[in-house]
$ cat entry_25.cif   # mmCIF, C-alpha atoms
data_start
loop_
_atom_site.label_atom_id
_atom_site.label_comp_id
_atom_site.auth_asym_id
_atom_site.auth_seq_id
_atom_site.Cartn_x
_atom_site.Cartn_y
_atom_site.Cartn_z
CA VAL A 30 0.00 0.00 0.00
CA SER A 31 1.32 3.40 -0.91
CA GLU A 32 0.84 5.41 2.26
CA THR A 33 1.54 8.64 0.43
CA ARG A 34 -1.03 8.09 -2.26
CA THR A 35 -3.72 10.74 -2.21
CA SER A 36 -7.06 9.24 -1.42
CA ASN A 37 -8.58 9.71 -4.82
CA SER A 38 -5.85 8.64 -7.22
CA PRO A 39 -5.75 5.25 -8.92
CA SER A 40 -3.42 2.72 -7.32
CA SER A 41 -2.28 1.38 -10.70
CA ALA A 42 -2.83 1.74 -14.43
CA ARG A 43 -4.96 -1.39 -14.53
CA THR A 44 -7.32 -0.14 -11.84
CA THR A 45 -7.78 3.22 -13.53
CA ILE A 46 -11.37 3.70 -14.71
CA ARG A 47 -11.31 4.43 -18.43
CA ARG A 48 -15.00 4.54 -19.38
CA HIS A 49 -17.09 7.13 -17.51
CA ARG A 50 -14.13 8.45 -15.53
CA GLU A 51 -16.49 10.62 -13.50
CA ARG A 52 -17.80 7.41 -11.93
CA GLY A 53 -14.36 6.25 -10.79
CA ASN A 54 -13.29 6.50 -7.19
CA TYR A 55 -10.05 5.47 -5.51
CA ASP A 56 -10.87 6.45 -1.95
CA ARG A 57 -10.42 3.58 0.48
CA SER A 58 -13.38 4.71 2.63
CA VAL A 59 -15.66 4.60 -0.43
CA LEU A 60 -14.37 1.13 -1.27
CA TYR A 61 -14.88 -0.11 2.28
CA ALA A 62 -18.46 1.21 2.41
CA ILE A 63 -19.25 -0.95 -0.64
CA LEU A 64 -17.40 -3.98 0.73
CA ASP A 65 -19.13 -3.69 4.10
CA GLU A 66 -22.65 -3.41 2.67
CA ALA A 67 -22.36 -6.39 0.33
CA PHE A 68 -21.20 -9.88 1.27
CA LEU A 69 -21.16 -11.73 -2.04
CA CYS A 70 -18.21 -11.30 -4.37
CA HIS A 71 -17.22 -12.78 -7.71
CA ILE A 72 -13.62 -13.91 -7.78
CA GLY A 73 -11.73 -14.34 -11.02
CA PHE A 74 -8.53 -16.31 -11.34
CA SER A 75 -6.66 -18.01 -14.12
CA GLU A 76 -5.23 -21.50 -14.35
CA GLY A 77 -3.35 -22.29 -17.52
CA ASP A 78 -5.46 -20.99 -20.39
CA THR A 79 -8.68 -20.88 -18.41
CA THR A 80 -10.18 -17.93 -16.57
CA TYR A 81 -12.71 -18.81 -13.87
CA VAL A 82 -15.21 -16.59 -12.07
CA LEU A 83 -16.95 -18.01 -9.02
CA PRO A 84 -19.25 -16.43 -6.44
CA THR A 85 -18.54 -16.65 -2.71
CA GLY A 86 -19.22 -14.85 0.54
CA TYR A 87 -16.51 -12.64 2.01
CA VAL A 88 -15.82 -10.36 4.90
CA ARG A 89 -13.49 -7.39 5.15
CA VAL A 90 -11.31 -7.22 8.25
CA ASP A 91 -9.09 -4.13 8.30
CA ASP A 92 -7.23 -4.00 4.97
CA ALA A 93 -7.97 -7.52 3.80
CA LEU A 94 -10.81 -9.68 2.58
CA TYR A 95 -11.28 -13.22 3.85
CA VAL A 96 -12.96 -16.04 1.96
CA HIS A 97 -13.27 -19.61 3.09
CA GLY A 98 -14.45 -23.08 2.21
CA ALA A 99 -13.57 -26.74 2.36
CA SER A 100 -9.90 -27.72 2.26
CA ALA A 101 -10.28 -29.21 -1.21
CA ASN A 102 -12.21 -26.23 -2.63
CA HIS A 103 -10.87 -25.63 -6.14
CA MET A 104 -11.06 -21.85 -6.12
CA LEU A 105 -9.50 -21.48 -2.69
CA THR A 106 -6.59 -23.78 -3.43
CA ALA A 107 -6.11 -21.90 -6.73
CA LEU A 108 -6.25 -18.53 -4.95
CA ALA A 109 -3.69 -19.63 -2.40
CA SER A 110 -1.23 -20.53 -5.15
CA SER A 111 -2.16 -18.10 -7.91
CA PRO A 112 -0.14 -14.93 -8.54
CA GLN A 113 -3.20 -12.71 -8.97
CA ALA A 114 -6.94 -12.76 -8.49
CA CYS A 115 -9.63 -10.20 -9.14
CA VAL A 116 -12.37 -9.76 -6.54
CA THR A 117 -15.41 -7.86 -7.76
CA VAL A 118 -18.35 -6.73 -5.64
CA THR A 119 -21.43 -5.17 -7.20
CA LEU A 120 -24.36 -3.49 -5.46
CA LEU A 121 -27.15 -2.88 -7.93
CA ASP A 122 -29.12 0.20 -6.87
CA GLY A 123 -31.54 0.76 -9.70
CA LEU A 124 -32.54 0.58 -13.33
CA VAL A 125 -32.16 3.82 -15.22
CA LEU A 126 -34.86 4.24 -17.87
CA ALA A 127 -33.89 6.92 -20.34
CA ARG A 128 -36.08 8.14 -23.17
CA ALA A 129 -33.73 6.54 -25.68
CA SER A 130 -33.02 2.81 -25.53
CA PHE A 131 -29.37 3.72 -26.17
CA ASN A 132 -29.17 5.76 -22.95
CA HIS A 133 -30.61 3.15 -20.60
CA SER A 134 -28.26 2.39 -17.74
CA MET A 135 -28.06 1.08 -14.19
CA ASN A 136 -27.27 2.76 -10.90
CA TYR A 137 -24.70 0.72 -9.04
CA ARG A 138 -21.72 0.74 -6.71
CA SER A 139 -18.97 -1.67 -7.65
CA ALA A 140 -15.53 -2.52 -6.29
CA VAL A 141 -12.71 -4.20 -8.18
CA ILE A 142 -9.71 -5.45 -6.22
CA PHE A 143 -6.59 -7.06 -7.64
CA SER A 144 -5.00 -9.19 -4.99
CA THR A 145 -2.81 -12.17 -4.30
CA GLY A 146 -4.33 -14.69 -1.95
CA VAL A 147 -2.50 -16.00 1.12
CA LYS A 148 -3.51 -19.23 2.80
CA VAL A 149 -4.17 -18.60 6.49
CA GLU A 150 -2.44 -21.26 8.60
CA ASP A 151 -2.82 -19.73 12.03
CA LEU A 152 -5.84 -21.22 13.85
CA GLU A 153 -6.58 -18.00 15.71
CA GLU A 154 -6.70 -15.99 12.50
CA LYS A 155 -8.87 -18.69 10.92
CA LEU A 156 -11.29 -18.50 13.84
CA LEU A 157 -11.34 -14.73 13.65
CA ALA A 158 -12.06 -14.85 9.91
CA MET A 159 -14.80 -17.50 10.15
CA THR A 160 -16.49 -15.65 13.00
CA ALA A 161 -16.23 -12.33 11.20
CA LEU A 162 -17.69 -13.87 8.06
CA VAL A 163 -20.82 -15.18 9.79
CA GLU A 164 -21.21 -11.94 11.74
CA HIS A 165 -20.79 -9.83 8.58
CA ILE A 166 -23.48 -11.72 6.70
CA VAL A 167 -25.90 -12.10 9.62
CA PRO A 168 -25.04 -9.50 12.28
CA GLY A 169 -25.81 -10.94 15.71
CA ARG A 170 -25.63 -14.57 14.66
CA THR A 171 -22.32 -15.49 16.26
CA SER A 172 -23.67 -14.90 19.76
CA ASP A 173 -26.08 -17.81 19.13
CA ALA A 174 -24.36 -20.22 16.76
CA ARG A 175 -22.10 -23.00 18.01
CA PRO A 176 -18.53 -21.79 17.39
CA PRO A 177 -16.15 -23.80 15.21
CA THR A 178 -14.24 -26.63 16.85
CA PRO A 179 -10.51 -27.05 16.27
CA GLU A 180 -11.37 -29.93 13.89
CA GLU A 181 -13.71 -27.69 11.90
CA LEU A 182 -11.06 -24.98 11.78
CA ARG A 183 -8.54 -27.48 10.42
CA ALA A 184 -11.07 -28.70 7.83
CA THR A 185 -11.59 -25.15 6.58
CA LEU A 186 -9.36 -23.39 4.09
CA VAL A 187 -9.25 -19.67 4.77
CA VAL A 188 -7.65 -17.31 2.26
CA ARG A 189 -6.69 -13.72 3.03
CA LEU A 190 -6.75 -11.26 0.11
CA PRO A 191 -4.93 -8.03 0.99
CA ILE A 192 -6.61 -4.89 -0.37
CA GLU A 193 -3.90 -2.89 -2.05
CA GLU A 194 -4.78 -2.31 -5.68
CA PHE A 195 -8.39 -1.35 -6.22
CA SER A 196 -10.99 0.94 -7.70
CA ALA A 197 -14.63 1.69 -7.06
CA LYS A 198 -17.14 2.78 -9.66
CA ILE A 199 -20.45 4.43 -8.83
CA ARG A 200 -23.36 5.65 -10.91
CA VAL A 201 -26.18 7.55 -9.22
CA GLY A 202 -29.01 9.76 -10.35
CA PRO A 203 -31.48 10.16 -13.19
CA PRO A 204 -31.03 9.16 -16.83
CA ILE A 205 -28.92 11.32 -19.12
CA ASP A 206 -30.65 11.69 -22.46
CA ASP A 207 -29.67 13.55 -25.59
CA GLU A 208 -30.88 17.15 -25.33
CA GLU A 209 -33.32 16.78 -28.24
CA ASP A 210 -34.98 13.73 -26.58
CA TYR A 211 -36.11 15.49 -23.40
CA ASP A 212 -39.31 16.73 -25.05
CA LEU A 213 -40.43 13.24 -26.13
CA PRO A 214 -43.60 12.02 -24.42
CA ILE A 215 -41.77 9.03 -22.90
CA TRP A 216 -41.64 8.36 -19.18
CA ALA A 217 -38.08 8.34 -17.84
CA GLY A 218 -36.65 7.80 -14.39
CA VAL A 219 -35.16 5.24 -12.05
CA ILE A 220 -36.59 2.00 -10.65
CA PRO A 221 -34.77 1.58 -7.29
CA LEU A 222 -33.69 -1.98 -6.52
CA ARG A 223 -32.35 -3.63 -3.43
CA MET A 224 -32.01 -7.00 -1.81
CA THR A 225 -34.73 -7.60 0.74
CA SER A 226 -35.62 -10.48 3.03
CA SER A 227 -38.91 -12.19 3.62
CA PRO A 228 -39.98 -13.98 6.83
CA PRO A 229 -37.52 -16.69 7.92
CA ILE A 230 -38.35 -20.35 7.29
CA ALA A 231 -37.61 -22.46 10.35
CA ASP A 232 -35.65 -25.68 9.89
CA PRO A 233 -38.19 -28.57 9.93
CA ARG A 234 -36.02 -30.23 12.58
CA LEU A 235 -36.03 -27.20 14.91
CA ILE A 236 -36.65 -28.18 18.54
CA ALA A 237 -39.82 -26.78 20.13
CA GLY A 238 -39.94 -23.47 21.96
CA LEU A 239 -37.36 -21.48 20.02
CA ASP A 240 -38.33 -18.01 18.83
CA VAL A 241 -37.04 -16.57 15.58
CA PRO A 242 -34.17 -14.29 16.62
CA GLY A 243 -34.53 -10.60 15.78
CA TYR A 244 -31.51 -10.59 13.48
CA ALA A 245 -33.32 -13.15 11.29
CA ALA A 246 -36.85 -11.76 11.61
CA ASP A 247 -35.73 -8.21 10.85
CA TYR A 248 -32.90 -8.91 8.45
CA PRO A 249 -32.08 -5.52 6.92
CA ALA A 250 -32.31 -4.66 3.22
CA ARG A 251 -28.88 -4.49 1.65
CA GLY A 252 -27.44 -3.42 -1.62
CA VAL B 9 -22.37 -27.85 -28.91
CA SER B 10 -22.54 -31.59 -28.56
CA GLU B 11 -26.03 -32.43 -29.77
CA THR B 12 -25.75 -35.96 -28.53
CA ARG B 13 -24.78 -35.01 -25.01
CA THR B 14 -27.31 -36.16 -22.45
CA SER B 15 -28.96 -33.28 -20.72
CA ASN B 16 -27.33 -33.76 -17.37
CA SER B 17 -23.69 -34.53 -18.13
CA PRO B 18 -20.90 -31.99 -17.84
CA SER B 19 -19.83 -30.41 -21.12
CA SER B 20 -16.15 -30.47 -20.15
CA ALA B 21 -13.78 -31.35 -17.33
CA ARG B 22 -13.41 -27.71 -16.34
CA THR B 23 -17.17 -27.21 -15.97
CA THR B 24 -17.60 -30.31 -13.85
CA ILE B 25 -18.74 -29.44 -10.33
CA ARG B 26 -16.25 -30.93 -7.88
CA ARG B 27 -17.45 -29.64 -4.51
CA HIS B 28 -21.02 -30.58 -3.56
CA ARG B 29 -21.56 -32.59 -6.73
CA GLU B 30 -25.22 -33.01 -5.78
CA ARG B 31 -25.65 -29.30 -6.46
CA GLY B 32 -24.28 -29.52 -10.00
CA ASN B 33 -26.54 -29.44 -13.01
CA TYR B 34 -25.71 -29.59 -16.71
CA ASP B 35 -29.21 -29.31 -18.13
CA ARG B 36 -29.55 -26.46 -20.61
CA SER B 37 -33.12 -25.72 -19.50
CA VAL B 38 -31.94 -25.30 -15.89
CA LEU B 39 -29.17 -22.99 -17.06
CA TYR B 40 -31.53 -20.92 -19.20
CA ALA B 41 -34.00 -20.50 -16.33
CA ILE B 42 -31.19 -18.92 -14.27
CA LEU B 43 -29.96 -16.78 -17.17
CA ASP B 44 -33.48 -15.55 -17.93
CA GLU B 45 -34.32 -14.59 -14.36
CA ALA B 46 -31.13 -12.61 -13.73
CA PHE B 47 -29.75 -9.85 -15.93
CA LEU B 48 -26.45 -8.97 -14.29
CA CYS B 49 -23.39 -11.12 -14.92
CA HIS B 50 -19.77 -10.96 -13.89
CA ILE B 51 -17.40 -11.56 -16.79
CA GLY B 52 -13.85 -12.70 -16.24
CA PHE B 53 -11.15 -12.42 -18.86
CA SER B 54 -7.40 -12.32 -18.86
CA GLU B 55 -5.00 -9.94 -20.54
CA GLY B 56 -1.35 -10.75 -20.15
CA ASP B 57 -0.81 -11.58 -16.48
CA THR B 58 -3.97 -9.87 -15.28
CA THR B 59 -7.37 -11.41 -14.69
CA TYR B 60 -10.27 -8.97 -14.69
CA VAL B 61 -13.84 -9.46 -13.45
CA LEU B 62 -16.39 -6.80 -14.37
CA PRO B 63 -20.17 -6.64 -13.95
CA THR B 64 -22.48 -5.95 -16.86
CA GLY B 65 -26.04 -6.52 -18.03
CA TYR B 66 -26.72 -9.30 -20.51
CA VAL B 67 -29.53 -10.99 -22.36
CA ARG B 68 -29.83 -14.54 -23.61
CA VAL B 69 -31.13 -14.98 -27.16
CA ASP B 70 -31.36 -18.63 -28.19
CA ASP B 71 -28.00 -20.26 -27.46
CA ALA B 72 -25.98 -17.10 -26.90
CA LEU B 73 -25.56 -14.23 -24.48
CA TYR B 74 -25.22 -10.67 -25.69
CA VAL B 75 -23.43 -7.87 -23.86
CA HIS B 76 -22.89 -4.37 -25.13
CA GLY B 77 -21.32 -1.03 -24.43
CA ALA B 78 -19.41 1.84 -25.96
CA SER B 79 -17.05 1.09 -28.85
CA ALA B 80 -14.00 1.81 -26.72
CA ASN B 81 -15.20 -0.29 -23.74
CA HIS B 82 -12.18 -2.13 -22.38
CA MET B 83 -13.91 -5.35 -21.44
CA LEU B 84 -15.86 -5.62 -24.67
CA THR B 85 -12.84 -5.02 -26.88
CA ALA B 86 -10.95 -7.58 -24.78
CA LEU B 87 -13.81 -10.09 -25.06
CA ALA B 88 -13.96 -9.68 -28.81
CA SER B 89 -10.27 -10.53 -29.12
CA SER B 90 -9.71 -12.86 -26.16
CA PRO B 91 -9.61 -16.65 -26.60
CA GLN B 92 -11.79 -17.35 -23.56
CA ALA B 93 -14.02 -15.61 -21.07
CA CYS B 94 -16.00 -16.82 -18.10
CA VAL B 95 -19.51 -15.46 -17.59
CA THR B 96 -20.95 -16.08 -14.14
CA VAL B 97 -24.50 -15.33 -13.03
CA THR B 98 -25.57 -15.70 -9.41
CA LEU B 99 -29.06 -15.53 -7.97
CA LEU B 100 -28.90 -15.38 -4.19
CA ASP B 101 -32.02 -16.99 -2.74
CA GLY B 102 -31.37 -17.05 0.97
CA LEU B 103 -29.08 -17.23 3.96
CA VAL B 104 -28.88 -20.65 5.58
CA LEU B 105 -28.45 -20.41 9.34
CA ALA B 106 -27.26 -23.71 10.75
CA ARG B 107 -26.80 -24.44 14.43
CA ALA B 108 -23.03 -24.60 13.90
CA SER B 109 -21.15 -21.61 12.48
CA PHE B 110 -19.25 -24.11 10.35
CA ASN B 111 -22.44 -25.30 8.60
CA HIS B 112 -23.79 -21.88 7.65
CA SER B 113 -24.42 -21.63 3.94
CA MET B 114 -26.40 -19.81 1.28
CA ASN B 115 -29.18 -20.90 -1.03
CA TYR B 116 -28.39 -19.82 -4.56
CA ARG B 117 -28.63 -20.65 -8.24
CA SER B 118 -25.50 -19.93 -10.22
CA ALA B 119 -24.43 -20.38 -13.82
CA VAL B 120 -20.86 -20.54 -15.11
CA ILE B 121 -20.27 -20.33 -18.86
CA PHE B 122 -16.94 -20.57 -20.64
CA SER B 123 -17.19 -18.83 -23.96
CA THR B 124 -15.31 -17.01 -26.68
CA GLY B 125 -16.76 -13.63 -27.56
CA VAL B 126 -17.55 -12.62 -31.13
CA LYS B 127 -17.91 -8.98 -32.12
CA VAL B 128 -21.28 -8.46 -33.81
CA GLU B 129 -20.83 -6.43 -37.01
CA ASP B 130 -24.26 -6.87 -38.55
CA LEU B 131 -26.48 -3.87 -37.77
CA GLU B 132 -29.65 -5.97 -37.70
CA GLU B 133 -28.18 -8.37 -35.14
CA LYS B 134 -26.92 -5.39 -33.12
CA LEU B 135 -30.40 -3.88 -33.12
CA LEU B 136 -31.92 -7.21 -32.11
CA ALA B 137 -29.44 -7.61 -29.25
CA MET B 138 -29.84 -4.05 -27.95
CA THR B 139 -33.63 -4.31 -28.07
CA ALA B 140 -33.61 -7.73 -26.41
CA LEU B 141 -31.32 -6.42 -23.67
CA VAL B 142 -33.63 -3.54 -22.72
CA GLU B 143 -36.68 -5.79 -22.96
CA HIS B 144 -35.01 -8.50 -20.83
CA ILE B 145 -34.14 -6.07 -18.04
CA VAL B 146 -37.39 -4.08 -18.14
CA PRO B 147 -40.08 -6.14 -19.91
CA GLY B 148 -42.40 -3.82 -21.80
CA ARG B 149 -39.96 -0.94 -22.08
CA THR B 150 -39.08 -1.23 -25.75
CA SER B 151 -42.65 -0.39 -26.81
CA ASP B 152 -42.12 3.05 -25.23
CA ALA B 153 -38.43 3.90 -25.53
CA ARG B 154 -37.03 5.62 -28.60
CA PRO B 155 -35.28 2.89 -30.61
CA PRO B 156 -31.58 3.14 -31.48
CA THR B 157 -30.64 5.15 -34.52
CA PRO B 158 -28.13 3.78 -37.07
CA GLU B 159 -25.54 6.15 -35.56
CA GLU B 160 -26.20 4.78 -32.06
CA LEU B 161 -25.94 1.23 -33.38
CA ARG B 162 -22.59 2.04 -34.95
CA ALA B 163 -21.39 3.66 -31.70
CA THR B 164 -22.25 0.49 -29.75
CA LEU B 165 -20.03 -2.54 -29.46
CA VAL B 166 -22.09 -5.71 -29.18
CA VAL B 167 -20.43 -9.00 -28.28
CA ARG B 168 -22.08 -12.39 -28.72
CA LEU B 169 -21.00 -15.14 -26.31
CA PRO B 170 -22.13 -18.57 -27.53
CA ILE B 171 -23.32 -20.88 -24.75
CA GLU B 172 -21.55 -24.18 -25.30
CA GLU B 173 -19.55 -25.08 -22.21
CA PHE B 174 -21.38 -24.47 -18.97
CA SER B 175 -22.58 -25.66 -15.59
CA ALA B 176 -25.22 -24.63 -13.12
CA LYS B 177 -25.02 -25.04 -9.36
CA ILE B 178 -28.01 -24.87 -7.07
CA ARG B 179 -28.47 -25.11 -3.32
CA VAL B 180 -31.98 -25.20 -1.88
CA GLY B 181 -33.53 -26.17 1.42
CA PRO B 182 -32.81 -26.06 5.13
CA PRO B 183 -29.43 -26.16 6.88
CA ILE B 184 -27.59 -29.45 7.19
CA ASP B 185 -26.14 -29.74 10.67
CA ASP B 186 -24.09 -32.46 12.30
CA GLU B 187 -26.46 -35.02 13.82
CA GLU B 188 -25.35 -34.27 17.37
CA ASP B 189 -26.10 -30.54 16.94
CA TYR B 190 -29.82 -30.91 16.17
CA ASP B 191 -30.74 -30.94 19.85
CA LEU B 192 -28.99 -27.67 20.61
CA PRO B 193 -31.34 -24.83 21.65
CA ILE B 194 -30.25 -22.70 18.70
CA TRP B 195 -32.68 -21.36 16.11
CA ALA B 196 -31.88 -22.60 12.61
CA GLY B 197 -33.50 -22.00 9.26
CA VAL B 198 -33.38 -19.90 6.12
CA ILE B 199 -33.74 -16.15 5.61
CA PRO B 200 -35.15 -15.84 2.05
CA LEU B 201 -33.64 -13.03 -0.01
CA ARG B 202 -34.55 -11.53 -3.32
CA MET B 203 -34.14 -8.36 -5.32
CA THR B 204 -37.16 -6.11 -5.03
CA SER B 205 -38.07 -2.71 -6.41
CA SER B 206 -39.43 0.36 -4.69
CA PRO B 207 -41.60 3.08 -6.30
CA PRO B 208 -39.99 4.61 -9.39
CA ILE B 209 -38.37 8.04 -9.17
CA ALA B 210 -39.36 10.23 -12.10
CA ASP B 211 -36.63 12.10 -13.98
CA PRO B 212 -36.68 15.73 -12.73
CA ARG B 213 -36.83 16.81 -16.38
CA LEU B 214 -39.90 14.68 -17.20
CA ILE B 215 -42.52 16.58 -19.22
CA ALA B 216 -45.90 17.08 -17.56
CA GLY B 217 -48.77 14.63 -17.89
CA LEU B 218 -46.86 11.34 -18.18
CA ASP B 219 -47.98 8.47 -15.96
CA VAL B 220 -45.53 5.94 -14.56
CA PRO B 221 -45.84 2.93 -16.86
CA GLY B 222 -46.99 -0.34 -15.28
CA TYR B 223 -43.74 -2.14 -16.06
CA ALA B 224 -41.92 0.42 -13.90
CA ALA B 225 -44.55 0.80 -11.17
CA ASP B 226 -44.94 -2.96 -10.75
CA TYR B 227 -41.42 -4.09 -11.51
CA PRO B 228 -41.35 -7.75 -10.42
CA ALA B 229 -39.07 -9.18 -7.77
CA ARG B 230 -36.21 -11.15 -9.30
CA GLY B 231 -33.50 -13.39 -8.07
#
$ encode --input "entry_25.cif" --output "structure tokens"
Amino acid sequence: VSETRTSNSPSSARTTIRRHRERGNYDRSVLYAILDEAFLCHIGFSEGDTTYVLPTGYVRVDDALYVHGASANHMLTALASSPQACVTVTLLDGLVLARASFNHSMNYRSAVIFSTGVKVEDLEEKLLAMTALVEHIVPGRTSDARPPTPEELRATLVVRLPIEEFSAKIRVGPPIDDEEDYDLPIWAGVIPLRMTSSPPIADPRLIAGLDVPGYAADYPARG
Amino acid sequence: VSETRTSNSPSSARTTIRRHRERGNYDRSVLYAILDEAFLCHIGFSEGDTTYVLPTGYVRVDDALYVHGASANHMLTALASSPQACVTVTLLDGLVLARASFNHSMNYRSAVIFSTGVKVEDLEEKLLAMTALVEHIVPGRTSDARPPTPEELRATLVVRLPIEEFSAKIRVGPPIDDEEDYDLPIWAGVIPLRMTSSPPIADPRLIAGLDVPGYAADYPARG
């Protein structure tokens, strides 16, 4: 990390936004706000001639992302031995309906991080990452759930992805039409979108007498 | 495309699901149902030593996906000249709260397609793709929006990604805990999630007397 980098300059040529530069942002606090609202990322990595993109949950802890899975997980083993991965997080905020088909767009906040994964060997760091992951996705859950055992920790592959080279890209606001189209009798505007929950479905094997916890009943809208 | 392939066999070694094989599916109709419900994909491609993953809207038409953007769009120009890309689509259906932290999971439907992009030169195919894209994302919109002009078609780069090598992966249902954990007094179940809309926000420059169209006012939940 370049400590002297100003907060809104690109960290590298390849993270510099080229299309719609006005949407580009290189401020770490803007990046972290996106990373902390979402929890699903798409990770790209290459093996030989093949590029893969796979979805997975993540959590940010300080200046790193953590992802995890089974010891034999293909993506995680690849990440832990691959020279570079790309982690992309996208929050879709709305559909932008312009008067012209050509000017239709989406409102979104996205983060792109180039990183090199490191396999976490330390059991304490693994526990911290697994706990943080559950708590990030369902805040409040770790005070109820049975914590991982040492055997479960050993059976889990945790990969740390340091956040050093990144960009964010954000589009907000109404459609932008060609000046001569604004008089057309065509409705234009934004359909806001977000991820919302519906009432929790109890496990059929749930023992009697357990109430739905508030963090599940009132799971907040995200994204 | 192998016409003789049975509907539920992997199309290649690299699209064969290795973890949680029971979640893997190689049926084209299952894949298309996922592709037709979602509209945002994450496309991975490599240039030199760098793997990129970027989000974009897409539409499926027959056995291909179409993506589009400005002529100078980095990803699209890369896709049109790159030997392989990976298009991944993820519909997040719920959070799976197990009794054990270790067994927490997500319900989802995902599609992974390996493809080689082809730049669409034909103006009629470009028009078809651009129209299909708007109509896929906002059904009903193309009967209102001003269609693309020949100049707009020429200023748009459209890439066709044939769907030949793919897999789908689906998790549904309640948590799966270790047998000895089922008696723990811990709530377990699923928090269903989906993408929902809220009331449309009219463009501040909208001319007077235009009603919000039904396809915007009643935009359906997806994902």
$ residues_around --input "entry_25.cif" --residues "His76 of chain B" --least-positions-apart "2" --cutoff "7 Å" --atoms "all atoms listed in the file" --output "JSON, numbers by chain"
{"B": [74, 164, 165, 166, 167]}
$ write_last_selection --input "entry_25.cif" --atoms "C-alpha atoms" --output "compact mmCIF listing (two decimals), in the frame of the given file"
# COMPACT_ATOMS: atom_id res chain seq x y z
CA TYR B 74 -25.22 -10.67 -25.69
CA THR B 164 -22.25 0.49 -29.75
CA LEU B 165 -20.03 -2.54 -29.46
CA VAL B 166 -22.09 -5.71 -29.18
CA VAL B 167 -20.43 -9.00 -28.28
$ interface_residues --input "entry_25.cif" --of "chain A" --to "chain B" --cutoff "6 Å" --atoms "all atoms listed in the file" --output "list in words"
Gly73, Tyr81, Val82, Cys115, Arg128, Ala129, Ser130, Phe131, Ala174, Arg175, Pro176, Pro177, Pro203, Ala217, Gly218, Val219, Ile220, Pro221, Leu222, Arg223, Met224, Thr225, Ser226, Ser227, Pro229, Ile230, Ala231 and Asp232 of chain A
$ resolve_selection --input "entry_25.cif" --expression "the PyMOL selection byres ((chain A and resi 61) around 12)" --output "compact mmCIF listing (two decimals) with C-alpha atoms, keeping the file's coordinate frame"
# COMPACT_ATOMS: atom_id res chain seq x y z
CA ASN A 54 -13.29 6.50 -7.19
CA TYR A 55 -10.05 5.47 -5.51
CA ASP A 56 -10.87 6.45 -1.95
CA ARG A 57 -10.42 3.58 0.48
CA SER A 58 -13.38 4.71 2.63
CA VAL A 59 -15.66 4.60 -0.43
CA LEU A 60 -14.37 1.13 -1.27
CA ALA A 62 -18.46 1.21 2.41
CA ILE A 63 -19.25 -0.95 -0.64
CA LEU A 64 -17.40 -3.98 0.73
CA ASP A 65 -19.13 -3.69 4.10
CA GLU A 66 -22.65 -3.41 2.67
CA ALA A 67 -22.36 -6.39 0.33
CA PHE A 68 -21.20 -9.88 1.27
CA VAL A 88 -15.82 -10.36 4.90
CA ARG A 89 -13.49 -7.39 5.15
CA VAL A 90 -11.31 -7.22 8.25
CA ASP A 91 -9.09 -4.13 8.30
CA ASP A 92 -7.23 -4.00 4.97
CA ALA A 93 -7.97 -7.52 3.80
CA LEU A 94 -10.81 -9.68 2.58
CA VAL A 118 -18.35 -6.73 -5.64
CA ARG A 138 -21.72 0.74 -6.71
CA SER A 139 -18.97 -1.67 -7.65
CA ALA A 140 -15.53 -2.52 -6.29
CA VAL A 141 -12.71 -4.20 -8.18
CA ILE A 142 -9.71 -5.45 -6.22
CA ILE A 192 -6.61 -4.89 -0.37
CA PHE A 195 -8.39 -1.35 -6.22
CA SER A 196 -10.99 0.94 -7.70
CA ALA A 197 -14.63 1.69 -7.06
$ atom_distance --input "entry_25.cif" --atom1 "atom CA of Pro179 of chain A" --atom2 "atom CA of Ala161 of chain A"
16.6 Å
$ atom_distance --input "entry_25.cif" --atom1 "atom CA of Pro18 of chain B" --atom2 "atom CA of Ser90 of chain B"
23.7 Å
$ atom_distance --input "entry_25.cif" --atom1 "atom CA of Lys127 of chain B" --atom2 "atom CA of Ala88 of chain B"
5.2 Å
$ axis_aligned_box --input "entry_25.cif" --around "segment 86-97 of chain B" --padding-each-side "5 Å" --output "JSON"
{"center_x": -17.1, "center_y": -12.5, "center_z": -21.1, "size_x": 24.9, "size_y": 19.8, "size_z": 26.1}
$ closest_residue --input "entry_25.cif" --among "B:Ser151, B:Thr85, B:Asn115, B:Ser79" --to "Arg179 of chain B" --atoms "only C-alpha atoms"
B:Asn115
